[in-house]
file run-v7.tsv (TSV, C-alpha atoms)
chain	number	residue	atom	x	y	z
A	60	ALA	CA	-12.43	-37.97	22.66
A	61	MET	CA	-11.80	-34.29	22.05
A	62	ALA	CA	-11.42	-33.26	18.43
A	63	LYS	CA	-8.22	-31.44	17.62
A	64	ALA	CA	-8.10	-28.63	15.09
A	65	LYS	CA	-5.68	-29.00	12.22
A	66	VAL	CA	-3.33	-26.04	11.97
A	67	CYS	CA	-3.38	-24.51	8.50
A	68	ARG	CA	-0.23	-22.77	7.38
A	69	ALA	CA	-1.01	-19.57	5.53
A	70	ARG	CA	1.97	-19.79	3.21
A	71	ASP	CA	0.76	-23.17	1.90
A	72	LEU	CA	-2.28	-21.46	0.36
A	73	ARG	CA	-2.33	-19.18	-2.66
A	74	ILE	CA	-4.74	-16.30	-2.12
A	75	PRO	CA	-4.39	-13.06	-4.11
A	76	GLY	CA	-6.25	-10.65	-1.78
A	77	VAL	CA	-6.77	-10.82	1.96
A	78	VAL	CA	-9.06	-9.54	4.71
A	79	VAL	CA	-7.65	-10.50	8.10
A	80	VAL	CA	-9.85	-11.50	11.01
A	81	CYS	CA	-8.38	-12.72	14.26
A	82	LEU	CA	-10.99	-14.74	16.09
A	83	SER	CA	-11.83	-17.34	18.69
A	84	TRP	CA	-14.80	-19.49	17.73
A	85	LEU	CA	-16.10	-22.90	18.70
A	86	GLY	CA	-12.80	-23.96	20.18
A	87	LEU	CA	-10.76	-22.65	17.27
A	88	ASP	CA	-8.79	-19.47	17.82
A	89	SER	CA	-8.16	-18.43	14.30
A	90	LEU	CA	-7.12	-15.96	11.71
A	91	LEU	CA	-9.52	-15.52	8.83
A	92	PHE	CA	-8.55	-14.46	5.36
A	93	SER	CA	-10.96	-13.48	2.62
A	94	ALA	CA	-10.02	-13.08	-1.01
A	95	PRO	CA	-12.84	-11.04	-2.57
A	96	LYS	CA	-13.50	-11.57	-6.25
A	97	PRO	CA	-16.28	-10.15	-8.39
A	98	ALA	CA	-18.64	-13.11	-7.88
A	99	GLU	CA	-17.17	-14.96	-4.90
A	100	GLN	CA	-15.38	-14.78	-1.59
A	101	ARG	CA	-12.86	-17.32	-0.38
A	102	PHE	CA	-12.09	-17.89	3.28
A	103	LEU	CA	-9.08	-19.39	4.99
A	104	PHE	CA	-9.03	-20.10	8.73
A	105	CYS	CA	-5.70	-20.50	10.53
A	106	ARG	CA	-5.46	-21.23	14.20
A	107	HIS	CA	-3.69	-18.60	16.30
A	108	GLY	CA	-0.22	-19.21	17.61
A	109	GLN	CA	0.41	-21.82	20.27
A	110	THR	CA	-0.72	-20.94	23.81
A	111	THR	CA	0.43	-22.15	27.21
A	112	PHE	CA	-2.81	-24.13	27.47
A	113	ASN	CA	-2.20	-25.78	24.07
A	114	VAL	CA	1.14	-27.05	25.40
A	115	GLU	CA	-0.53	-28.37	28.57
A	116	ASP	CA	-3.57	-29.73	26.63
A	117	ARG	CA	-5.96	-27.65	28.76
A	118	PHE	CA	-9.45	-26.44	27.83
A	119	GLN	CA	-9.21	-22.70	27.05
A	120	GLY	CA	-12.78	-21.60	26.51
A	121	THR	CA	-13.33	-17.92	27.21
A	122	MET	CA	-10.50	-17.58	29.75
A	123	ASN	CA	-8.78	-14.31	28.98
A	124	GLU	CA	-5.76	-13.64	31.20
A	125	GLU	CA	-4.51	-17.18	30.73
A	126	PRO	CA	-3.67	-18.75	28.35
A	127	VAL	CA	-1.08	-16.58	26.68
A	128	LEU	CA	0.92	-17.12	23.53
A	129	THR	CA	4.11	-19.11	24.08
A	130	GLN	CA	7.39	-18.09	22.46
A	131	LYS	CA	6.55	-20.51	19.65
A	132	GLY	CA	3.06	-18.99	19.36
A	133	GLN	CA	4.55	-15.51	19.06
A	134	GLU	CA	6.90	-16.75	16.34
A	135	GLN	CA	3.93	-18.31	14.52
A	136	ALA	CA	2.04	-14.99	14.63
A	137	ARG	CA	5.08	-13.16	13.24
A	138	GLU	CA	5.40	-15.81	10.52
A	139	LEU	CA	1.82	-15.03	9.54
A	140	GLY	CA	2.69	-11.33	9.34
A	141	LYS	CA	5.67	-12.17	7.16
A	142	TRP	CA	3.44	-14.22	4.86
A	143	LEU	CA	0.97	-11.35	4.57
A	144	LYS	CA	3.76	-8.88	3.83
A	145	GLU	CA	5.00	-11.09	0.98
A	146	GLN	CA	1.57	-11.30	-0.68
A	147	THR	CA	0.50	-9.04	-3.52
A	148	ILE	CA	-2.45	-7.49	-1.76
A	149	ASP	CA	-3.79	-4.14	-2.89
A	150	SER	CA	-5.69	-3.47	0.30
A	151	ILE	CA	-7.30	-5.09	3.29
A	152	ASP	CA	-10.72	-3.54	3.75
A	153	ALA	CA	-11.61	-4.67	7.26
A	154	VAL	CA	-10.17	-6.43	10.28
A	155	PHE	CA	-12.35	-8.17	12.85
A	156	VAL	CA	-10.95	-9.67	16.04
A	157	SER	CA	-12.15	-11.67	19.00
A	158	PRO	CA	-12.07	-9.90	22.36
A	159	LEU	CA	-9.87	-12.68	23.77
A	160	LEU	CA	-6.33	-11.50	24.46
A	161	ARG	CA	-4.68	-14.43	22.68
A	162	ALA	CA	-6.48	-13.46	19.45
A	163	GLN	CA	-5.71	-9.76	19.95
A	164	HIS	CA	-2.04	-10.55	20.62
A	165	THR	CA	-1.81	-12.71	17.49
A	166	LEU	CA	-3.18	-9.84	15.41
A	167	GLU	CA	-0.80	-7.32	16.99
A	168	LEU	CA	2.27	-9.48	16.32
A	169	ALA	CA	1.22	-10.21	12.74
A	170	ARG	CA	0.59	-6.49	12.18
A	171	GLU	CA	4.05	-5.57	13.53
A	172	VAL	CA	5.65	-7.67	10.79
A	173	ALA	CA	3.14	-7.05	8.00
A	174	GLY	CA	3.27	-3.29	8.47
A	175	ASN	CA	0.70	-1.34	6.50
A	176	LYS	CA	-0.69	-4.53	4.90
A	177	ILE	CA	-2.95	-4.84	7.97
A	178	PRO	CA	-5.00	-1.73	8.88
A	179	GLU	CA	-4.40	-0.17	12.28
A	180	SER	CA	-8.07	-0.25	13.20
A	181	ALA	CA	-9.84	-3.51	14.02
A	182	THR	CA	-13.42	-4.20	15.04
A	183	THR	CA	-13.73	-6.37	18.13
A	184	LEU	CA	-16.70	-8.70	17.90
A	185	GLN	CA	-18.01	-10.65	20.90
A	186	GLU	CA	-19.53	-13.15	18.47
A	187	LEU	CA	-16.04	-14.26	17.45
A	188	ARG	CA	-14.89	-15.41	20.87
A	189	GLU	CA	-14.54	-19.05	21.78
A	190	ILE	CA	-17.47	-20.86	23.37
A	191	GLU	CA	-17.89	-20.87	27.14
A	192	LEU	CA	-16.64	-24.13	28.67
A	193	TYR	CA	-17.70	-23.21	32.21
A	194	GLU	CA	-16.13	-25.40	34.92
A	195	TRP	CA	-13.93	-27.20	32.40
A	196	GLU	CA	-11.91	-24.09	31.59
A	197	GLY	CA	-8.31	-24.33	32.69
A	198	PHE	CA	-8.44	-28.08	33.25
A	199	THR	CA	-7.13	-31.02	31.22
A	200	GLN	CA	-9.46	-33.78	30.07
A	201	PRO	CA	-8.16	-36.22	32.76
A	202	GLU	CA	-8.70	-33.54	35.44
A	203	VAL	CA	-12.29	-33.01	34.27
A	204	LYS	CA	-12.92	-36.78	34.31
A	205	ALA	CA	-11.46	-37.05	37.82
A	206	LYS	CA	-13.85	-34.32	39.08
A	207	SER	CA	-16.93	-36.11	37.65

call {"tool": "encode", "arguments": {"input": "run-v7.tsv", "output": "structure tokens"}}
result
Amino acid sequence: AMAKAKVCRARDLRIPGVVVVCLSWLGLDSLLFSAPKPAEQRFLFCRHGQTTFNVEDRFQGTMNEEPVLTQKGQEQARELGKWLKEQTIDSIDAVFVSPLLRAQHTLELAREVAGNKIPESATTLQELREIELYEWEGFTQPEVKAKS
């Protein structure tokens, strides 16, 4: 059976400082937060907003044009931006983002709401994209089984 990622809600966590990273990695499209402290760093991963493939329970992999964020996914990304805006954050030092459009779009929508809490510049890292699922991409688990 396929493992499902648990969606973490940013507002349920109390983090004083944040570095935002929008990423796709090992099947988890995420937002990463880091709260730097003198001797430690804390990380929080939140899955990006819902996509059309999430609704259809399809394998996404590295597909880029599809899937796209649904209306609910866009609302979730804006909710993240609202949460960031409400935090007492002095500065966000760096933003890293997956090259996948769904991760980029999540970051853009969060930034629109958070305003200057999220820097305008972001570093796109290939290493943050989701793993390649090859011929499974775009198909549901029953469709993949039927093709075997």

call {"tool": "residues_around", "arguments": {"input": "run-v7.tsv", "residues": "Pro201 (chain A)", "least_positions_apart": "3", "cutoff": "12 Å", "atoms": "all atoms listed in the file", "output": "list in words"}}
result
Ala60, Met61, Glu115, Asp116, Arg117, Phe118, Trp195, Gly197, Phe198, Lys204, Ala205, Lys206 and Ser207 of chain A

call {"tool": "atom_distance", "arguments": {"input": "run-v7.tsv", "atom1": "CA of Gln130 (chain A)", "atom2": "CA of Gln109 (chain A)"}}
result
8.2 Å

call {"tool": "closest_residue", "arguments": {"input": "run-v7.tsv", "among": "A:Met122, A:Val127, A:Val114, A:Val203", "to": "Arg161 (chain A)", "atoms": "only C-alpha atoms"}}
result
A:Val127

call {"tool": "atom_distance", "arguments": {"input": "run-v7.tsv", "atom1": "CA of Arg170 (chain A)", "atom2": "CA of Glu196 (chain A)"}}
result
29.0 Å

call {"tool": "atom_distance", "arguments": {"input": "run-v7.tsv", "atom1": "CA of Lys176 (chain A)", "atom2": "CA of Gln146 (chain A)"}}
result
9.1 Å

call {"tool": "closest_residue", "arguments": {"input": "run-v7.tsv", "among": "A:Glu189, A:His107, A:Phe112, A:Pro126", "to": "Pro158 (chain A)", "atoms": "all atoms listed in the file"}}
result
A:Glu189

call {"tool": "closest_residue", "arguments": {"input": "run-v7.tsv", "among": "A:Leu139, A:Leu168, A:Leu184, A:Ile177", "to": "Ile151 (chain A)", "atoms": "all atoms listed in the file"}}
result
A:Ile177

call {"tool": "closest_residue", "arguments": {"input": "run-v7.tsv", "among": "A:Gly132, A:Pro178, A:Gly108, A:Gly120", "to": "Glu191 (chain A)", "atoms": "all atoms listed in the file"}}
result
A:Gly120
